[in-house]
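Student: File input-v3.cif below, mmCIF, C-alpha atoms:
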data_entry
loop_
_atom_site.label_atom_id
_atom_site.label_comp_id
_atom_site.auth_asym_id
_atom_site.auth_seq_id
_atom_site.Cartn_x
_atom_site.Cartn_y
_atom_site.Cartn_z
CA MET Z 1 0.00 0.00 0.00
CA LYS Z 2 1.08 3.57 -0.59
CA VAL Z 3 1.62 5.78 2.43
CA HIS Z 4 2.79 9.38 2.54
CA ILE Z 5 5.40 10.05 5.23
CA ARG Z 6 6.20 13.47 6.68
CA TYR Z 7 9.32 14.19 8.69
CA PHE Z 8 9.86 17.05 11.12
CA ALA Z 9 12.55 18.84 13.13
CA SER Z 10 15.86 17.03 13.71
CA ILE Z 11 14.65 13.93 11.83
CA ARG Z 12 13.82 16.09 8.81
CA GLU Z 13 17.30 17.62 9.04
CA SER Z 14 19.06 14.26 9.34
CA LEU Z 15 17.21 12.78 6.38
CA GLU Z 16 17.46 16.03 4.38
CA ARG Z 17 13.86 15.59 3.27
CA ASP Z 18 10.52 16.64 4.70
CA SER Z 19 8.40 13.94 3.10
CA GLU Z 20 8.24 10.94 0.81
CA THR Z 21 5.76 8.40 -0.48
CA VAL Z 22 6.50 4.73 0.05
CA ASP Z 23 4.92 1.54 -1.19
CA THR Z 24 4.98 -0.89 1.71
CA GLY Z 25 3.70 -4.26 2.80
CA VAL Z 26 3.98 -3.63 6.53
CA GLY Z 27 0.86 -3.33 8.61
CA THR Z 28 1.80 -1.01 11.46
CA LEU Z 29 3.71 2.19 12.17
CA GLY Z 30 6.28 0.12 14.04
CA GLY Z 31 6.74 -2.07 11.01
CA LEU Z 32 7.18 0.99 8.83
CA ARG Z 33 9.82 2.40 11.18
CA ASP Z 34 11.72 -0.91 11.02
CA GLU Z 35 11.47 -0.90 7.25
CA LEU Z 36 12.96 2.61 7.10
CA ILE Z 37 15.71 1.66 9.57
CA GLY Z 38 16.49 -1.19 7.18
CA ARG Z 39 17.50 1.34 4.52
CA GLY Z 40 20.60 2.08 6.58
CA GLY Z 41 22.46 5.39 6.51
CA ALA Z 42 20.72 8.42 7.98
CA TYR Z 43 17.44 6.47 8.31
CA ALA Z 44 19.09 3.84 10.51
CA GLU Z 45 20.69 6.53 12.63
CA CYS Z 46 17.85 8.95 13.29
CA LEU Z 47 15.04 6.37 13.54
CA ALA Z 48 17.11 3.80 15.49
CA ARG Z 49 15.49 1.76 18.26
CA GLY Z 50 16.62 3.48 21.42
CA ARG Z 51 16.02 6.92 19.92
CA ALA Z 52 12.81 8.65 20.93
CA VAL Z 53 10.67 8.88 17.80
CA ARG Z 54 7.05 9.94 17.99
CA LEU Z 55 4.47 8.84 15.47
CA ALA Z 56 1.28 10.23 13.97
CA LEU Z 57 -1.29 8.69 11.66
CA ASN Z 58 -3.62 10.95 9.67
CA HIS Z 59 -2.92 13.91 11.97
CA VAL Z 60 -3.51 12.05 15.23
CA MET Z 61 -0.80 10.95 17.68
CA ALA Z 62 -0.27 7.22 17.33
CA ASP Z 63 2.10 4.47 18.43
CA GLU Z 64 4.04 1.51 17.08
CA SER Z 65 1.00 -0.76 17.07
CA THR Z 66 -1.22 1.61 15.06
CA ALA Z 67 -2.33 0.02 11.81
CA LEU Z 68 -1.54 1.55 8.43
CA GLY Z 69 -4.11 2.01 5.67
CA GLU Z 70 -3.88 2.73 1.96
CA GLY Z 71 -3.17 6.42 1.38
CA ALA Z 72 -2.45 7.14 5.02
CA GLU Z 73 -0.37 10.13 6.08
CA VAL Z 74 2.28 9.19 8.61
CA GLY Z 75 4.39 11.55 10.70
CA PHE Z 76 7.80 10.71 12.16
CA PHE Z 77 9.16 13.32 14.56
CA PRO Z 78 11.12 13.83 17.79
CA PRO Z 79 9.37 14.37 21.14
CA VAL Z 80 7.41 17.61 20.90
CA THR Z 81 8.60 20.81 22.51
CA GLY Z 82 5.90 23.43 22.02
CA GLY Z 83 4.24 25.76 24.46
CA MET G 1 -18.39 31.05 16.20
CA SER G 2 -14.84 32.42 16.15
CA ALA G 3 -11.82 30.15 15.99
CA ARG G 4 -10.74 28.52 19.23
CA VAL G 5 -7.25 27.67 17.99
CA THR G 6 -4.96 29.81 15.85
CA ILE G 7 -1.43 29.03 14.75
CA GLN G 8 0.22 32.20 13.52
CA THR G 9 3.54 33.92 13.02
CA GLY G 10 2.35 37.33 14.21
CA ASP G 11 2.00 38.50 17.78
CA PHE G 12 -1.20 38.55 19.82
CA ASP G 13 -2.67 40.96 22.36
CA LEU G 14 -3.89 39.42 25.62
CA SER G 15 -6.54 42.01 26.42
CA THR G 16 -8.00 41.80 22.93
CA GLU G 17 -8.23 38.03 23.17
CA VAL G 18 -9.77 38.07 26.65
CA ALA G 19 -12.38 40.59 25.54
CA ALA G 20 -13.22 38.38 22.55
CA LEU G 21 -13.42 35.33 24.81
CA ARG G 22 -15.81 37.09 27.21
CA GLN G 23 -17.91 38.36 24.25
CA GLY G 24 -20.24 40.28 26.56
CA ASP G 25 -21.34 36.94 28.06
CA GLY G 26 -22.89 37.69 31.45
CA ARG G 27 -22.44 34.09 32.60
CA VAL G 28 -18.68 34.58 32.69
CA GLY G 29 -17.38 35.38 36.17
CA ALA G 30 -13.82 34.27 35.63
CA VAL G 31 -11.16 34.34 32.94
CA CYS G 32 -7.83 32.63 33.50
CA SER G 33 -4.99 33.12 31.05
CA PHE G 34 -1.44 31.90 30.55
CA VAL G 35 1.17 33.53 28.32
CA GLY G 36 4.42 31.72 27.47
CA THR G 37 7.36 33.86 26.43
CA VAL G 38 10.83 33.35 24.96
CA ARG G 39 13.59 33.50 27.57
CA ASP G 40 17.08 34.72 26.76
CA ARG G 41 18.67 31.68 28.40
CA ASN G 42 18.05 27.96 28.38
CA HIS G 43 18.67 24.95 30.58
CA SER G 44 22.12 24.24 29.24
CA PRO G 45 22.92 20.60 28.58
CA ALA G 46 26.48 21.56 29.52
CA GLY G 47 25.07 22.18 33.00
CA ASP G 48 28.00 22.20 35.40
CA SER G 49 30.59 23.25 32.84
CA VAL G 50 28.74 26.47 32.03
CA PRO G 51 28.88 29.14 34.75
CA GLY G 52 25.34 29.66 36.00
CA GLY G 53 24.26 26.42 34.30
CA HIS G 54 22.72 27.99 31.23
CA GLU G 55 23.67 29.49 27.89
CA SER G 56 22.30 32.46 25.98
CA VAL G 57 19.46 32.05 23.53
CA LEU G 58 19.81 34.50 20.65
CA SER G 59 16.60 33.48 18.86
CA MET G 60 14.21 30.58 18.65
CA GLU G 61 12.51 28.98 15.65
CA LEU G 62 9.24 27.10 16.07
CA GLU G 63 8.32 24.41 13.56
CA HIS G 64 4.92 22.68 13.53
CA TYR G 65 2.86 20.06 11.65
CA PRO G 66 0.33 22.05 9.61
CA GLY G 67 -3.06 20.35 9.63
CA MET G 68 -2.28 18.29 12.71
CA THR G 69 -1.43 21.12 15.07
CA GLU G 70 -4.78 22.86 14.98
CA GLN G 71 -6.69 19.59 15.09
CA SER G 72 -4.76 18.26 18.07
CA ILE G 73 -5.28 21.40 20.14
CA GLU G 74 -8.98 21.47 19.21
CA ALA G 75 -9.25 17.92 20.59
CA MET G 76 -7.51 19.01 23.79
CA ILE G 77 -10.02 21.85 24.17
CA ASP G 78 -12.88 19.39 23.63
CA GLU G 79 -11.42 17.30 26.42
CA ALA G 80 -11.15 20.36 28.66
CA PHE G 81 -14.85 21.10 28.08
CA GLY G 82 -15.60 17.52 29.05
CA ARG G 83 -13.57 17.65 32.25
CA PHE G 84 -14.27 21.15 33.50
CA ASP G 85 -17.34 23.34 33.68
CA ILE G 86 -16.00 26.08 31.40
CA LEU G 87 -17.69 28.43 28.97
CA GLY G 88 -14.95 29.28 26.49
CA ALA G 89 -11.35 28.56 25.56
CA ARG G 90 -8.83 30.18 23.27
CA VAL G 91 -5.36 29.02 22.27
CA ILE G 92 -2.94 30.97 20.11
CA HIS G 93 0.49 29.53 19.38
CA ARG G 94 3.10 31.33 17.33
CA VAL G 95 5.47 29.67 14.90
CA GLY G 96 8.46 30.88 12.92
CA VAL G 97 11.41 32.84 14.23
CA LEU G 98 10.97 34.51 17.62
CA GLN G 99 13.26 36.67 19.75
CA PRO G 100 13.85 36.71 23.52
CA LEU G 101 10.96 38.48 25.28
CA ASP G 102 8.53 37.59 22.46
CA GLN G 103 5.23 35.98 23.35
CA ILE G 104 4.96 32.35 22.18
CA VAL G 105 1.63 30.97 23.37
CA LEU G 106 -1.66 32.09 24.87
CA VAL G 107 -4.13 29.82 26.66
CA ALA G 108 -7.24 31.57 27.98
CA VAL G 109 -10.30 29.97 29.56
CA SER G 110 -13.58 31.45 30.77
CA SER G 111 -16.03 30.03 33.29
CA ALA G 112 -18.64 31.07 35.81
CA HIS G 113 -16.29 30.60 38.77
CA ARG G 114 -12.52 30.73 39.11
CA GLY G 115 -11.72 27.13 40.10
CA GLU G 116 -12.69 25.68 36.73
CA SER G 117 -10.78 28.30 34.74
CA PHE G 118 -7.59 27.89 36.77
CA GLN G 119 -7.68 24.13 36.36
CA ALA G 120 -8.64 24.06 32.68
CA CYS G 121 -5.94 26.59 31.81
CA GLU G 122 -3.23 24.53 33.49
CA PHE G 123 -4.65 21.33 31.99
CA LEU G 124 -4.46 22.75 28.48
CA MET G 125 -0.90 23.97 28.92
CA ASP G 126 0.26 20.63 30.37
CA TYR G 127 -1.46 18.84 27.47
CA LEU G 128 -0.09 21.14 24.79
CA LYS G 129 3.47 20.87 26.13
CA THR G 130 3.61 17.12 25.58
CA GLN G 131 1.19 16.37 22.73
CA ALA G 132 0.95 19.32 20.33
CA PRO G 133 3.29 18.91 17.34
CA PHE G 134 5.67 21.84 17.70
CA TRP G 135 9.47 21.74 17.84
CA LYS G 136 11.76 24.50 19.08
CA LYS G 137 15.22 25.18 17.73
CA GLU G 138 17.39 27.62 19.64
CA GLN G 139 20.21 29.72 18.21
CA THR G 140 22.97 30.03 20.81
CA PRO G 141 26.46 31.54 20.66
CA ASP G 142 27.75 28.01 20.07
CA GLY G 143 25.32 27.29 17.24
CA ALA G 144 21.81 25.91 16.77
CA ARG G 145 20.33 23.17 18.89
CA TRP G 146 16.94 21.50 19.03
CA VAL G 147 15.35 21.83 22.47
CA ASP G 148 14.92 18.53 24.32
CA ALA G 149 11.56 17.44 25.65
CA ARG G 150 11.45 17.24 29.43
CA VAL G 151 10.26 14.34 31.55
CA SER G 152 8.90 16.90 34.02
CA ASP G 153 6.36 17.90 31.36
CA ASP G 154 5.26 14.28 31.03
CA ALA G 155 4.91 14.17 34.81
CA ALA G 156 2.77 17.32 34.71
CA LEU G 157 0.33 15.72 32.28
CA ALA G 158 0.28 12.54 34.39
CA ARG G 159 -1.27 14.55 37.23
CA TRP G 160 -4.40 14.78 35.06
CA GLY G 161 -4.44 11.03 34.52
CA ILE G 162 -3.04 11.18 30.99
CA ARG G 163 0.05 9.29 29.94
CA ALA G 164 2.19 11.62 27.85
CA SER G 165 4.84 9.20 26.48
CA ASN G 166 6.61 12.18 24.96
CA ALA G 167 10.05 12.83 26.43
#
Spit out the file's structure as structure tokens when you get a sec.
Tutor:
Amino acid sequence: MKVHIRYFASIRESLERDSETVDTGVGTLGGLRDELIGRGGAYAECLARGRAVRLALNHVMADESTALGEGAEVGFFPPVTGG
Amino acid sequence: MSARVTIQTGDFDLSTEVAALRQGDGRVGAVCSFVGTVRDRNHSPAGDSVPGGHESVLSMELEHYPGMTEQSIEAMIDEAFGRFDILGARVIHRVGVLQPLDQIVLVAVSSAHRGESFQACEFLMDYLKTQAPFWKKEQTPDGARWVDARVSDDAALARWGIRASNA
């Protein structure tokens, strides 16, 4: 399925991109993170297990177990620091 | 009905926003507001090695997730209405490049009596700090650094029975 990923803050800087569309067979946000880590390089570094990465699905905070759907918008970002 | 949540680069005026929140509503007996501002110093990660334990902040840039930011704060306000007997709420959060002394965020809440407004205002700030998709980047004399989330903010939200899982 195709999902549209958006990156923010230090993750966006590390990957040098703010978004991309991927075609994936994984079912959850956690699976997608692992798939991106599997690309190696900057992906493996900034999304590594042990690094705090927060997740959103279709504009709502989500977690590793949240299921993906066709055409979903996913957000990968560091812990938030607003306010 | 006017917007409850605005994300904007420009500044805001507290008295204007409070007047708009009250809207000549005679049921309102209390308005509680919080304004967050940019400090000229941070909690330095260098800590002990920096005299005074902080470093200068020259400017701050706020990034956010357009589309999600407004929606997430609206949901927080809905939750505040569910938990507290309040009449109105207004949140303004600035983004873009800000300078020390600039205003960053406004949370204002109206109610019949003060207890509900005080609580709802603090609730919304604790919620926003750990769940609203903003990220701060500070410019310091030693270069730019992304601000770290704080576990104390997660602890603040936990007081309301909500698990932050942010920092």
Student: Show me which bits of chain G are within 9 Å of chain Z, counting only C-alpha atoms, as a ChimeraX atom specification.
Tutor: /G:36-37,62-65,67-69,71-72,93,104-106,125-126,128-137,146-150,165-167
Student: Pick from Z:Val26, Z:Glu35, Z:Arg51, Z:Gly40: nearest to Thr66 of chain Z, with all atoms listed in the file counted?
Tutor: Z:Val26
Student: What is the atom CA of Phe12 of chain G-atom CA of Arg39 of chain G distance in Å, reported with one decimal?
Tutor: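 The value is 17.4 Å.
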Student: What's around Leu101 of chain G at 12 Å? Count only C-alpha atoms, leave out sequence neighbours fewer than 3 positions away in its own chain, and write the answer as a ChimeraX atom specification.
Tutor: /G:11,35-41,57-60,98,104
Student: Between G:Ala80, G:Ala108, G:Leu157, G:Val95, which is the closest to Pro66 of chain G once you count only C-alpha atoms?
Tutor: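 Residue with the minimum atom-to-atom distance to Pro66 of chain G: G:Val95.
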Student: Please evaluate the PyMOL selection byres ((chain Z and resi 41-43) around 12) against the displayed coordinates and give the resulting residues as a count of residues only.
Tutor: 27
